[in-house]
Amino acid sequence: MNTMNPNIVNETATTETRAVSAADTDISHADNGYGETVGKPFTDNPKFALRDVEVYYGDTQAIKGISLDIRKNQVISFIGPSGCGKSTFLRCLNRMNDSIDSCRVKGRLELDGQDIYDRKRDVVELRARVGMVFQKPNPFPKSIYDNVAYGPRIHGLANRKSELDDIVENSLKKAGLWAEVKDRLDSPGTGLSGGQQQRLCIARAIAVSPEVVLMDEPCSALDPIATARIEELISELSESYTIIIVTHSMQQAARVSHRTAYFHLGHLIEVNETNKVFTSPQHELTESYITGRFG
Amino acid sequence: MQPANLFPLIVVLVAIAFALGYARSRALAMPLGGIRNLKSLPFYYAARAAMWCGLPALLILACWLGFEAKVIQTLIVGSLPAELRPDTAGQASLVLSQISNVASGALSGDFAPEGIAAAAERLEALRAQSTFMMTALVLSIAVLGGFIAWLRIAPHINAREKVESTLRKIFFLCAALAILTTVGIIFSVIFETIRFFGKVSFIEFFFGTSWSPQTAIRADQVGADGAFGMIPLFVGTLLISSIAMLVAVPVGLMSAIYLSEYASKPVRAIFKPALEMLAGVPTVVYGFFAALTVAPFISDIAEAIGLSASSQSALAAGLVMGIMIIPFVSSLSDDVINAVPQTMRDGSLALGATQSETMKKVIFPAALPGIMGGVLLAVSRAIGETMIVVMAAGLAANMTANPLEAVTTVTVQIVTLLVGDQEFDSAKTLAAFALGMMLFIVTLLLNIVALHVVRKYREQYD
């Protein structure tokens with residue numbers, strides 16, 4: 001690839017040199033030489049309104065001033081090369097970064113107009129509204145039923161056993177797992193296959209009726225068939241949930257999301273309707289990435 | 001040469017064999033175009049030479065030292081004149097100790113019978129001979145073994161395989177040693193236990209509620225047939241151990257949870273070593289603490305609220321013992337709680353669970369087997385602990401569930417039975433072995449039951 005296109009390497013190099021010189025002269029400004037985020041980062045009536053978000057791990061800055069709106073009942077995917085800060089940014093949205101001691105978050109992050117990082121904010125309530133599915137399926141070492149019932153039990157969503165049964169059944173149905181496990185709800189969740197485990201984790205996340213589901217590379221450990229099943233599921237869920245998905249697969253982003261955001265080295269380079277990002281990217285970095293020239 | 005000097009000499013020979021082996025394998029490799037043309041790396045040829053040099057020599061040294069005394073004794077006894085030759089094993093050991101005393105100069109030969117003095121000289125001669133032969137044999141075997149291995153270094157020989165298989169055998173022997181020791185302990189106790197039950201009936205021992213192991217030393221002595229009911233002792237052990245566990249398990253577990261889930265790094269860096277230091281305090285010191293500080297304190301408080309308490313109490317011993325075994329519970333639990341993958345915590349927290357809900361419902365069940373391991377270790381410590389009980393709970397074998405009274409435990413009684421002048425075949429001394437056997441069986445059963453319980457309730461994560 002490089003031998004065929006030597007000028008691409010040069011291009012990237014120039015961009016980075018430019019970034020350094022701009023950073024030297026004007027640190028406070030958000031664009032740091034990558035320019036303002038191109039495309040359409042802002043929307044009316046956003047579910048999440050995120051402004052000038054910066055994240056530090058100790059002295060290293062992982063997110064360098066990102067502003068973005070996320071609309072209700074839409075799927076937005078975060079793409080970009082490894083280490084670009086997509087997952088870090090995602091984990092800010094339900095404060096999963098809190099458990100990392102050295103991590104500090106700056107800027108204004110609002111969910112429905114309320115500050116997520118407000119000192120008085122109840123993290124438990126926030127996470128009940130903003131659920132999360134992780135990269136590696138992580139069912140609890142409990143029965144399938146108890147895995148799904150875990151959240152509802154904690155939040156007191158069911159008054160009777162029959163209500164809990166209903167929640168479990170509905171969640172498993174929504175996650176497309178009910179038919180496969182309805183006869184063995186008592187067997188351990190860890191005994192399922194990888195794809196089934198990930199759908200169990202999705203069922204577990206939606207059992208507490210969240211408004212938003214964050215997905216951190218949910219298919220990276222799965223085979224193509226399980227991946228297709230989960231993607232189908234994401235499309236179905238997008239009718240009632242806001243879904244934010246981090247992915248390394250551009251095909252996946254193209255298939256499931258309404259909007260796509262491209263991250264690069266802690267910067268948000270470009271956000272737009274998914275088809276626009278993939279058919280006519282406006283930023284040269286986005287174009288290089290989606291055409292497979294790097295990343 | 002004395003074995004103490006012989007051993008370092010063998011080590012030096014092994015080192016020489018290693019160095020020569022290394023040099024020769026390199027020297028052989030160079031004309032072939034480098035060490036990659038050898039079947040194994042030079043290290044393995046050298047290690048093989050070292051093993052050939054050291055292992056047989058050490059083996060022979062060990063055997064020689066093991067059998068030397070026996071063989072010499074047999075030779076000496078066999079050469080004694082007929083009138084001095086002992087008839088029984090007891091007499092033989094008497095005569096032999098006399099001979100060796102004369103030989104070492106502790107007893108002047110002038111006061112001993114003539115035959116004994118002659119035997120003492122023979123003993124000296126035999127010992128010197130034996131030491132000389134041993135030195136010669138061991139050293140020549142070491143040199144010979146090293147030389148043969150050195151000669152056999154050749155590029156086509158796969159020394160790596162041989163070294164690995166020898167190492168495997170050595171590892172196996174080390175593992176087997178632990179098992180053999182356990183078996184040996186069981187056997188050493190079993191025979192004495194059987195002899196004990198020849199003197200005291202099963203029923204009295206297992207169901208008797210009175211423990212008073214005084215037996216008459218002389219036939220004409222008055223009184224004291226002895227009572228050998230083990231129940232009061234096991235009740236006392238149970239009482240003290242339960243009190244200790246009531247202290248150690250909750251405190252240990254919760255401190256482990258605090259340290260692993262809540263404490264910041266600097267706090268953890270101070271607390272964890274400090275807690276582990278509790279395990280390093282000698283039990284005698286805990287005994288002082290229990291007897292001089294805790295026990296009077298408890299009896300004062302008990303009197304203040306109108307209860308009668310003896311100055312030595314099960315409660316004092318149990319409380320202090322509990323503090324002593326906190327680190328066994330907390331340190332092991334802390335390790336296993338940390339070993340539960342972070343993804344489990346994240347999964348639970350992301351559902352809106354609080355830290356304590358996550359702990360209680362996800363991490364604790366997943367860490368249960370390890371935590372049980374820590375608790376079991378603590379129980380064994382509690383049951384086996386002697387010193388604190390002697391000092392704080394006393395020797396009186398009361399059968400009571402009242403923690404304010406003085407009680408005694410199995411291990412304390414084993415110690416008191418074996419201390420002091422006693423015939424070794426009296427029921428009193430033999431009772432110690434029977435108690436030891438029972439203790440062994442009880443702890444074994446406890447372990448088996450606990451392992452089954454854990455296997456049933458564990459939540460396995462992968």
# chains A, B, ... in the order shown; residues from 1 in each chain; ligands from 1

$ select_by_dssp --residues "segment 231-294 of chain B" --states "alpha helix (DSSP H)" --output "PDB file with C-alpha atoms, in the first residue's frame"
ATOM      1  CA  ILE B 231     -15.727 -34.617  75.148  1.00  0.00           C
ATOM      2  CA  PRO B 232     -14.842 -31.759  77.554  1.00  0.00           C
ATOM      3  CA  LEU B 233     -11.670 -31.101  75.580  1.00  0.00           C
ATOM      4  CA  PHE B 234     -13.415 -30.975  72.237  1.00  0.00           C
ATOM      5  CA  VAL B 235     -16.147 -28.807  73.712  1.00  0.00           C
ATOM      6  CA  GLY B 236     -13.469 -26.421  74.983  1.00  0.00           C
ATOM      7  CA  THR B 237     -11.705 -26.415  71.615  1.00  0.00           C
ATOM      8  CA  LEU B 238     -14.983 -25.802  69.853  1.00  0.00           C
ATOM      9  CA  LEU B 239     -15.910 -22.979  72.211  1.00  0.00           C
ATOM     10  CA  ILE B 240     -12.625 -21.131  71.916  1.00  0.00           C
ATOM     11  CA  SER B 241     -12.342 -21.690  68.176  1.00  0.00           C
ATOM     12  CA  SER B 242     -15.888 -20.466  67.593  1.00  0.00           C
ATOM     13  CA  ILE B 243     -15.233 -17.304  69.573  1.00  0.00           C
ATOM     14  CA  ALA B 244     -12.031 -16.791  67.591  1.00  0.00           C
ATOM     15  CA  MET B 245     -13.819 -17.314  64.291  1.00  0.00           C
ATOM     16  CA  LEU B 246     -16.630 -14.985  65.328  1.00  0.00           C
ATOM     17  CA  VAL B 247     -13.998 -12.303  65.700  1.00  0.00           C
ATOM     18  CA  ALA B 248     -11.723 -13.174  62.811  1.00  0.00           C
ATOM     19  CA  VAL B 249     -14.144 -13.910  59.965  1.00  0.00           C
ATOM     20  CA  PRO B 250     -16.252 -10.728  60.004  1.00  0.00           C
ATOM     21  CA  VAL B 251     -13.386  -8.421  60.854  1.00  0.00           C
ATOM     22  CA  GLY B 252     -10.988 -10.098  58.444  1.00  0.00           C
ATOM     23  CA  LEU B 253     -13.484 -10.233  55.610  1.00  0.00           C
ATOM     24  CA  MET B 254     -14.628  -6.671  55.972  1.00  0.00           C
ATOM     25  CA  SER B 255     -11.109  -5.361  56.222  1.00  0.00           C
ATOM     26  CA  ALA B 256     -10.295  -7.319  53.071  1.00  0.00           C
ATOM     27  CA  ILE B 257     -13.273  -5.724  51.334  1.00  0.00           C
ATOM     28  CA  LYS B 265      -3.452   3.277  47.277  1.00  0.00           C
ATOM     29  CA  PRO B 266      -1.541   5.028  50.113  1.00  0.00           C
ATOM     30  CA  VAL B 267      -3.967   3.718  52.737  1.00  0.00           C
ATOM     31  CA  ARG B 268      -3.650   0.227  51.327  1.00  0.00           C
ATOM     32  CA  ALA B 269       0.126   0.480  51.333  1.00  0.00           C
ATOM     33  CA  ILE B 270       0.066   1.123  55.085  1.00  0.00           C
ATOM     34  CA  PHE B 271      -2.820  -1.085  56.174  1.00  0.00           C
ATOM     35  CA  LYS B 272      -1.986  -4.298  54.375  1.00  0.00           C
ATOM     36  CA  PRO B 273       1.517  -4.780  55.800  1.00  0.00           C
ATOM     37  CA  ALA B 274       0.308  -3.645  59.216  1.00  0.00           C
ATOM     38  CA  LEU B 275      -2.453  -6.255  59.178  1.00  0.00           C
ATOM     39  CA  GLU B 276      -0.058  -8.938  58.025  1.00  0.00           C
ATOM     40  CA  MET B 277       2.274  -8.027  60.850  1.00  0.00           C
ATOM     41  CA  LEU B 278      -0.391  -9.331  63.248  1.00  0.00           C
ATOM     42  CA  ALA B 279       0.405 -12.812  61.935  1.00  0.00           C
ATOM     43  CA  GLY B 280       4.072 -12.342  62.728  1.00  0.00           C
ATOM     44  CA  THR B 283       1.782 -16.470  70.052  1.00  0.00           C
ATOM     45  CA  VAL B 284       3.451 -16.237  73.444  1.00  0.00           C
ATOM     46  CA  VAL B 285       3.173 -12.465  73.202  1.00  0.00           C
ATOM     47  CA  TYR B 286      -0.503 -12.805  72.357  1.00  0.00           C
ATOM     48  CA  GLY B 287      -0.696 -15.056  75.395  1.00  0.00           C
ATOM     49  CA  PHE B 288       0.649 -12.281  77.644  1.00  0.00           C
TER      50      PHE B 288
END

$ interface_residues --of "chain B" --to "chain A" --cutoff "10 Å" --atoms "only C-alpha atoms" --output "PyMOL selection string"
chain B and resi 264-265+341-355+357-358+361-363+365-366+458-462

$ write_last_selection --atoms "N, CA and C atoms" --output "PDB file, in the first residue's frame"
ATOM      1  N   SER B 264      -7.782   3.818  49.248  1.00  0.00           N
ATOM      2  CA  SER B 264      -6.918   4.418  48.238  1.00  0.00           C
ATOM      3  C   SER B 264      -5.546   3.760  48.345  1.00  0.00           C
ATOM      4  N   LYS B 265      -4.740   3.970  47.326  1.00  0.00           N
ATOM      5  CA  LYS B 265      -3.452   3.277  47.277  1.00  0.00           C
ATOM      6  C   LYS B 265      -2.584   3.532  48.506  1.00  0.00           C
ATOM      7  N   PRO B 341     -12.164 -10.635  38.024  1.00  0.00           N
ATOM      8  CA  PRO B 341     -11.867  -9.711  36.931  1.00  0.00           C
ATOM      9  C   PRO B 341     -12.612  -8.381  37.048  1.00  0.00           C
ATOM     10  N   GLN B 342     -11.946  -7.328  36.603  1.00  0.00           N
ATOM     11  CA  GLN B 342     -12.530  -5.991  36.630  1.00  0.00           C
ATOM     12  C   GLN B 342     -13.820  -5.946  35.798  1.00  0.00           C
ATOM     13  N   THR B 343     -13.904  -6.798  34.760  1.00  0.00           N
ATOM     14  CA  THR B 343     -15.094  -6.752  33.900  1.00  0.00           C
ATOM     15  C   THR B 343     -16.361  -7.082  34.686  1.00  0.00           C
ATOM     16  N   MET B 344     -16.227  -7.912  35.725  1.00  0.00           N
ATOM     17  CA  MET B 344     -17.390  -8.238  36.563  1.00  0.00           C
ATOM     18  C   MET B 344     -17.861  -6.984  37.296  1.00  0.00           C
ATOM     19  N   ARG B 345     -16.909  -6.249  37.846  1.00  0.00           N
ATOM     20  CA  ARG B 345     -17.262  -5.023  38.563  1.00  0.00           C
ATOM     21  C   ARG B 345     -17.908  -4.041  37.596  1.00  0.00           C
ATOM     22  N   ASP B 346     -17.262  -3.860  36.436  1.00  0.00           N
ATOM     23  CA  ASP B 346     -17.791  -2.906  35.461  1.00  0.00           C
ATOM     24  C   ASP B 346     -19.206  -3.278  35.072  1.00  0.00           C
ATOM     25  N   GLY B 347     -19.422  -4.588  34.812  1.00  0.00           N
ATOM     26  CA  GLY B 347     -20.739  -5.027  34.394  1.00  0.00           C
ATOM     27  C   GLY B 347     -21.788  -4.660  35.416  1.00  0.00           C
ATOM     28  N   SER B 348     -21.461  -4.857  36.674  1.00  0.00           N
ATOM     29  CA  SER B 348     -22.432  -4.571  37.726  1.00  0.00           C
ATOM     30  C   SER B 348     -22.614  -3.066  37.919  1.00  0.00           C
ATOM     31  N   LEU B 349     -21.504  -2.334  37.950  1.00  0.00           N
ATOM     32  CA  LEU B 349     -21.599  -0.884  38.155  1.00  0.00           C
ATOM     33  C   LEU B 349     -22.359  -0.229  37.006  1.00  0.00           C
ATOM     34  N   ALA B 350     -22.142  -0.738  35.786  1.00  0.00           N
ATOM     35  CA  ALA B 350     -22.802  -0.131  34.624  1.00  0.00           C
ATOM     36  C   ALA B 350     -24.308  -0.325  34.669  1.00  0.00           C
ATOM     37  N   LEU B 351     -24.766  -1.288  35.467  1.00  0.00           N
ATOM     38  CA  LEU B 351     -26.217  -1.476  35.604  1.00  0.00           C
ATOM     39  C   LEU B 351     -26.779  -0.580  36.692  1.00  0.00           C
ATOM     40  N   GLY B 352     -25.952   0.231  37.283  1.00  0.00           N
ATOM     41  CA  GLY B 352     -26.425   1.120  38.329  1.00  0.00           C
ATOM     42  C   GLY B 352     -26.355   0.507  39.711  1.00  0.00           C
ATOM     43  N   ALA B 353     -25.554  -0.557  39.866  1.00  0.00           N
ATOM     44  CA  ALA B 353     -25.394  -1.118  41.206  1.00  0.00           C
ATOM     45  C   ALA B 353     -24.395  -0.260  41.979  1.00  0.00           C
ATOM     46  N   THR B 354     -24.586  -0.162  43.281  1.00  0.00           N
ATOM     47  CA  THR B 354     -23.610   0.551  44.094  1.00  0.00           C
ATOM     48  C   THR B 354     -22.413  -0.364  44.330  1.00  0.00           C
ATOM     49  N   GLN B 355     -21.372   0.227  44.908  1.00  0.00           N
ATOM     50  CA  GLN B 355     -20.169  -0.559  45.156  1.00  0.00           C
ATOM     51  C   GLN B 355     -20.453  -1.724  46.109  1.00  0.00           C
ATOM     52  N   GLU B 357     -23.374  -3.193  46.642  1.00  0.00           N
ATOM     53  CA  GLU B 357     -24.212  -4.201  45.972  1.00  0.00           C
ATOM     54  C   GLU B 357     -23.355  -5.077  45.059  1.00  0.00           C
ATOM     55  N   THR B 358     -22.449  -4.429  44.358  1.00  0.00           N
ATOM     56  CA  THR B 358     -21.543  -5.172  43.482  1.00  0.00           C
ATOM     57  C   THR B 358     -20.736  -6.184  44.285  1.00  0.00           C
ATOM     58  N   LYS B 361     -23.207  -9.020  45.722  1.00  0.00           N
ATOM     59  CA  LYS B 361     -23.919  -9.916  44.810  1.00  0.00           C
ATOM     60  C   LYS B 361     -23.052 -10.503  43.717  1.00  0.00           C
ATOM     61  N   VAL B 362     -21.961  -9.852  43.379  1.00  0.00           N
ATOM     62  CA  VAL B 362     -21.165 -10.362  42.260  1.00  0.00           C
ATOM     63  C   VAL B 362     -19.779 -10.821  42.707  1.00  0.00           C
ATOM     64  N   ILE B 363     -19.078  -9.951  43.398  1.00  0.00           N
ATOM     65  CA  ILE B 363     -17.678 -10.266  43.675  1.00  0.00           C
ATOM     66  C   ILE B 363     -17.548 -11.320  44.760  1.00  0.00           C
ATOM     67  N   PRO B 365     -19.667 -13.757  45.775  1.00  0.00           N
ATOM     68  CA  PRO B 365     -19.916 -15.135  45.333  1.00  0.00           C
ATOM     69  C   PRO B 365     -18.815 -15.676  44.438  1.00  0.00           C
ATOM     70  N   ALA B 366     -18.234 -14.802  43.596  1.00  0.00           N
ATOM     71  CA  ALA B 366     -17.189 -15.288  42.695  1.00  0.00           C
ATOM     72  C   ALA B 366     -15.913 -15.598  43.462  1.00  0.00           C
ATOM     73  N   ARG B 458     -20.063 -22.295  44.744  1.00  0.00           N
ATOM     74  CA  ARG B 458     -19.195 -21.331  44.063  1.00  0.00           C
ATOM     75  C   ARG B 458     -19.840 -20.870  42.754  1.00  0.00           C
ATOM     76  N   GLU B 459     -19.507 -19.628  42.380  1.00  0.00           N
ATOM     77  CA  GLU B 459     -19.934 -19.125  41.087  1.00  0.00           C
ATOM     78  C   GLU B 459     -18.673 -18.944  40.262  1.00  0.00           C
ATOM     79  N   GLN B 460     -18.520 -19.817  39.280  1.00  0.00           N
ATOM     80  CA  GLN B 460     -17.243 -19.834  38.570  1.00  0.00           C
ATOM     81  C   GLN B 460     -17.238 -18.795  37.460  1.00  0.00           C
ATOM     82  N   TYR B 461     -16.224 -17.953  37.491  1.00  0.00           N
ATOM     83  CA  TYR B 461     -16.086 -16.974  36.424  1.00  0.00           C
ATOM     84  C   TYR B 461     -14.944 -17.393  35.529  1.00  0.00           C
ATOM     85  N   ASP B 462     -15.039 -17.021  34.260  1.00  0.00           N
ATOM     86  CA  ASP B 462     -13.929 -17.327  33.362  1.00  0.00           C
ATOM     87  C   ASP B 462     -13.758 -16.220  32.350  1.00  0.00           C
TER      88      ASP B 462
END

$ residues_around --residues "segment 122-136 of chain B" --least-positions-apart "5" --cutoff "9 Å" --atoms "only C-alpha atoms" --output "PDB file with C-alpha atoms, in the first residue's frame"
ATOM      1  CA  MET B   1      36.685 -35.820  56.506  1.00  0.00           C
ATOM      2  CA  GLN B   2      33.539 -34.792  58.353  1.00  0.00           C
ATOM      3  CA  PRO B   3      30.269 -34.748  56.348  1.00  0.00           C
ATOM      4  CA  LEU B   6      32.416 -33.041  52.578  1.00  0.00           C
ATOM      5  CA  ILE B  60      25.655 -42.199  48.677  1.00  0.00           C
ATOM      6  CA  LEU B  61      26.600 -39.639  51.303  1.00  0.00           C
ATOM      7  CA  TRP B  64      26.096 -43.718  54.399  1.00  0.00           C
ATOM      8  CA  LEU B  65      25.162 -41.209  57.087  1.00  0.00           C
ATOM      9  CA  GLU B  68      26.627 -45.728  59.525  1.00  0.00           C
ATOM     10  CA  ALA B  69      25.645 -45.667  63.211  1.00  0.00           C
ATOM     11  CA  ILE B  72      28.914 -49.788  63.646  1.00  0.00           C
ATOM     12  CA  GLN B  73      26.674 -50.611  66.616  1.00  0.00           C
ATOM     13  CA  LEU B  75      29.655 -54.687  64.745  1.00  0.00           C
ATOM     14  CA  ILE B  76      30.508 -53.516  68.263  1.00  0.00           C
ATOM     15  CA  ILE B  99      30.823 -47.592  75.344  1.00  0.00           C
ATOM     16  CA  SER B 100      30.319 -44.357  73.501  1.00  0.00           C
ATOM     17  CA  ALA B 103      35.045 -43.432  73.741  1.00  0.00           C
ATOM     18  CA  SER B 104      34.194 -39.735  73.922  1.00  0.00           C
ATOM     19  CA  ALA B 117      37.156 -50.102  77.338  1.00  0.00           C
ATOM     20  CA  ILE B 141      32.146 -41.203  42.818  1.00  0.00           C
TER      21      ILE B 141
END

$ atom_distance --atom1 "atom CA of Gly85 of chain A" --atom2 "atom CA of Phe42 of chain A"
19.7 Å

$ residues_around --residues "Leu292 of chain B" --least-positions-apart "2" --cutoff "12 Å" --atoms "only C-alpha atoms" --output "PDB file with N, CA and C atoms, in the first residue's frame"
ATOM      1  N   VAL B 284       3.206 -16.448  72.014  1.00  0.00           N
ATOM      2  CA  VAL B 284       3.451 -16.237  73.444  1.00  0.00           C
ATOM      3  C   VAL B 284       3.112 -14.790  73.823  1.00  0.00           C
ATOM      4  N   VAL B 285       3.458 -13.873  72.932  1.00  0.00           N
ATOM      5  CA  VAL B 285       3.173 -12.465  73.202  1.00  0.00           C
ATOM      6  C   VAL B 285       1.655 -12.232  73.229  1.00  0.00           C
ATOM      7  N   TYR B 286       0.962 -12.875  72.303  1.00  0.00           N
ATOM      8  CA  TYR B 286      -0.503 -12.805  72.357  1.00  0.00           C
ATOM      9  C   TYR B 286      -1.000 -13.380  73.677  1.00  0.00           C
ATOM     10  N   GLY B 287      -0.313 -14.431  74.136  1.00  0.00           N
ATOM     11  CA  GLY B 287      -0.696 -15.056  75.395  1.00  0.00           C
ATOM     12  C   GLY B 287      -0.601 -14.075  76.554  1.00  0.00           C
ATOM     13  N   PHE B 288       0.521 -13.332  76.611  1.00  0.00           N
ATOM     14  CA  PHE B 288       0.649 -12.281  77.644  1.00  0.00           C
ATOM     15  C   PHE B 288      -0.524 -11.338  77.569  1.00  0.00           C
ATOM     16  N   PHE B 289      -0.736 -10.866  76.363  1.00  0.00           N
ATOM     17  CA  PHE B 289      -1.776  -9.868  76.141  1.00  0.00           C
ATOM     18  C   PHE B 289      -3.132 -10.390  76.628  1.00  0.00           C
ATOM     19  N   ALA B 290      -3.414 -11.654  76.279  1.00  0.00           N
ATOM     20  CA  ALA B 290      -4.689 -12.241  76.678  1.00  0.00           C
ATOM     21  C   ALA B 290      -4.767 -12.397  78.194  1.00  0.00           C
ATOM     22  N   VAL B 294      -6.507  -8.702  78.584  1.00  0.00           N
ATOM     23  CA  VAL B 294      -7.877  -8.979  78.169  1.00  0.00           C
ATOM     24  C   VAL B 294      -8.655  -9.733  79.240  1.00  0.00           C
ATOM     25  N   ALA B 295      -8.051 -10.785  79.799  1.00  0.00           N
ATOM     26  CA  ALA B 295      -8.788 -11.605  80.763  1.00  0.00           C
ATOM     27  C   ALA B 295      -9.238 -10.805  82.000  1.00  0.00           C
ATOM     28  N   PRO B 296      -8.345 -10.021  82.628  1.00  0.00           N
ATOM     29  CA  PRO B 296      -8.823  -9.222  83.770  1.00  0.00           C
ATOM     30  C   PRO B 296      -9.899  -8.215  83.366  1.00  0.00           C
ATOM     31  N   PHE B 297      -9.718  -7.636  82.192  1.00  0.00           N
ATOM     32  CA  PHE B 297     -10.696  -6.676  81.682  1.00  0.00           C
ATOM     33  C   PHE B 297     -12.073  -7.326  81.558  1.00  0.00           C
ATOM     34  N   ILE B 298     -12.084  -8.536  80.996  1.00  0.00           N
ATOM     35  CA  ILE B 298     -13.359  -9.231  80.821  1.00  0.00           C
ATOM     36  C   ILE B 298     -13.968  -9.572  82.170  1.00  0.00           C
ATOM     37  N   SER B 299     -13.146 -10.038  83.106  1.00  0.00           N
ATOM     38  CA  SER B 299     -13.746 -10.440  84.388  1.00  0.00           C
ATOM     39  C   SER B 299     -14.239  -9.205  85.141  1.00  0.00           C
ATOM     40  N   SER B 311     -10.845 -15.696  86.441  1.00  0.00           N
ATOM     41  CA  SER B 311      -9.785 -14.824  85.931  1.00  0.00           C
ATOM     42  C   SER B 311      -9.238 -15.335  84.607  1.00  0.00           C
ATOM     43  N   GLN B 312      -9.401 -16.644  84.393  1.00  0.00           N
ATOM     44  CA  GLN B 312      -9.043 -17.173  83.087  1.00  0.00           C
ATOM     45  C   GLN B 312     -10.337 -17.554  82.386  1.00  0.00           C
ATOM     46  N   SER B 313     -10.509 -17.109  81.160  1.00  0.00           N
ATOM     47  CA  SER B 313     -11.777 -17.433  80.529  1.00  0.00           C
ATOM     48  C   SER B 313     -11.594 -17.778  79.066  1.00  0.00           C
ATOM     49  N   ALA B 316     -11.571 -14.638  76.798  1.00  0.00           N
ATOM     50  CA  ALA B 316     -10.316 -13.900  76.618  1.00  0.00           C
ATOM     51  C   ALA B 316      -9.430 -14.587  75.592  1.00  0.00           C
ATOM     52  N   ALA B 317      -9.279 -15.915  75.753  1.00  0.00           N
ATOM     53  CA  ALA B 317      -8.430 -16.652  74.816  1.00  0.00           C
ATOM     54  C   ALA B 317      -8.994 -16.564  73.408  1.00  0.00           C
ATOM     55  N   VAL B 320      -8.550 -12.969  71.731  1.00  0.00           N
ATOM     56  CA  VAL B 320      -7.171 -12.685  71.308  1.00  0.00           C
ATOM     57  C   VAL B 320      -6.767 -13.595  70.153  1.00  0.00           C
ATOM     58  N   ILE B 388      -1.820 -19.422  73.572  1.00  0.00           N
ATOM     59  CA  ILE B 388      -2.770 -18.445  74.098  1.00  0.00           C
ATOM     60  C   ILE B 388      -3.708 -19.116  75.091  1.00  0.00           C
ATOM     61  N   MET B 391      -2.183 -19.834  78.489  1.00  0.00           N
ATOM     62  CA  MET B 391      -1.990 -18.658  79.321  1.00  0.00           C
ATOM     63  C   MET B 391      -3.289 -17.982  79.717  1.00  0.00           C
ATOM     64  N   ALA B 392      -4.286 -18.015  78.828  1.00  0.00           N
ATOM     65  CA  ALA B 392      -5.485 -17.220  79.097  1.00  0.00           C
ATOM     66  C   ALA B 392      -6.696 -18.039  79.486  1.00  0.00           C
ATOM     67  N   ALA B 393      -6.760 -19.314  79.103  1.00  0.00           N
ATOM     68  CA  ALA B 393      -7.981 -20.069  79.387  1.00  0.00           C
ATOM     69  C   ALA B 393      -7.770 -21.167  80.410  1.00  0.00           C
TER      70      ALA B 393
END

$ atom_distance --atom1 "atom CA of Ala314 of chain B" --atom2 "atom CA of Val419 of chain B"
22.8 Å

$ residues_around --residues "segment 272-279 of chain A" --least-positions-apart "2" --cutoff "8 Å" --atoms "only C-alpha atoms" --output "list of chain:residue names"
A:Gly39, A:Lys40, A:Pro41, A:Ala253, A:Ala254, A:Ser257, A:His258, A:Arg259, A:Thr260, A:Ala261, A:Glu270, A:Pro281, A:Gln282, A:Thr286, A:Ile290

$ residues_around --residues "Asn37 of chain B" --least-positions-apart "3" --cutoff "12 Å" --atoms "only C-alpha atoms" --output "PyMOL selection string"
chain B and resi 25-34+40-42+154-158

$ residues_around --residues "Leu68 of chain A" --least-positions-apart "5" --cutoff "12 Å" --atoms "only C-alpha atoms" --output "VMD selection string"
chain A and resid 36 to 44 46 to 53 76 78 89 to 90 93 107 to 110 259 to 263 267 to 272

$ select_by_dssp --residues "segment 87-245 of chain B" --states "strand (DSSP E)" --output "VMD selection string"
chain B and resid 211 to 212 227 to 228
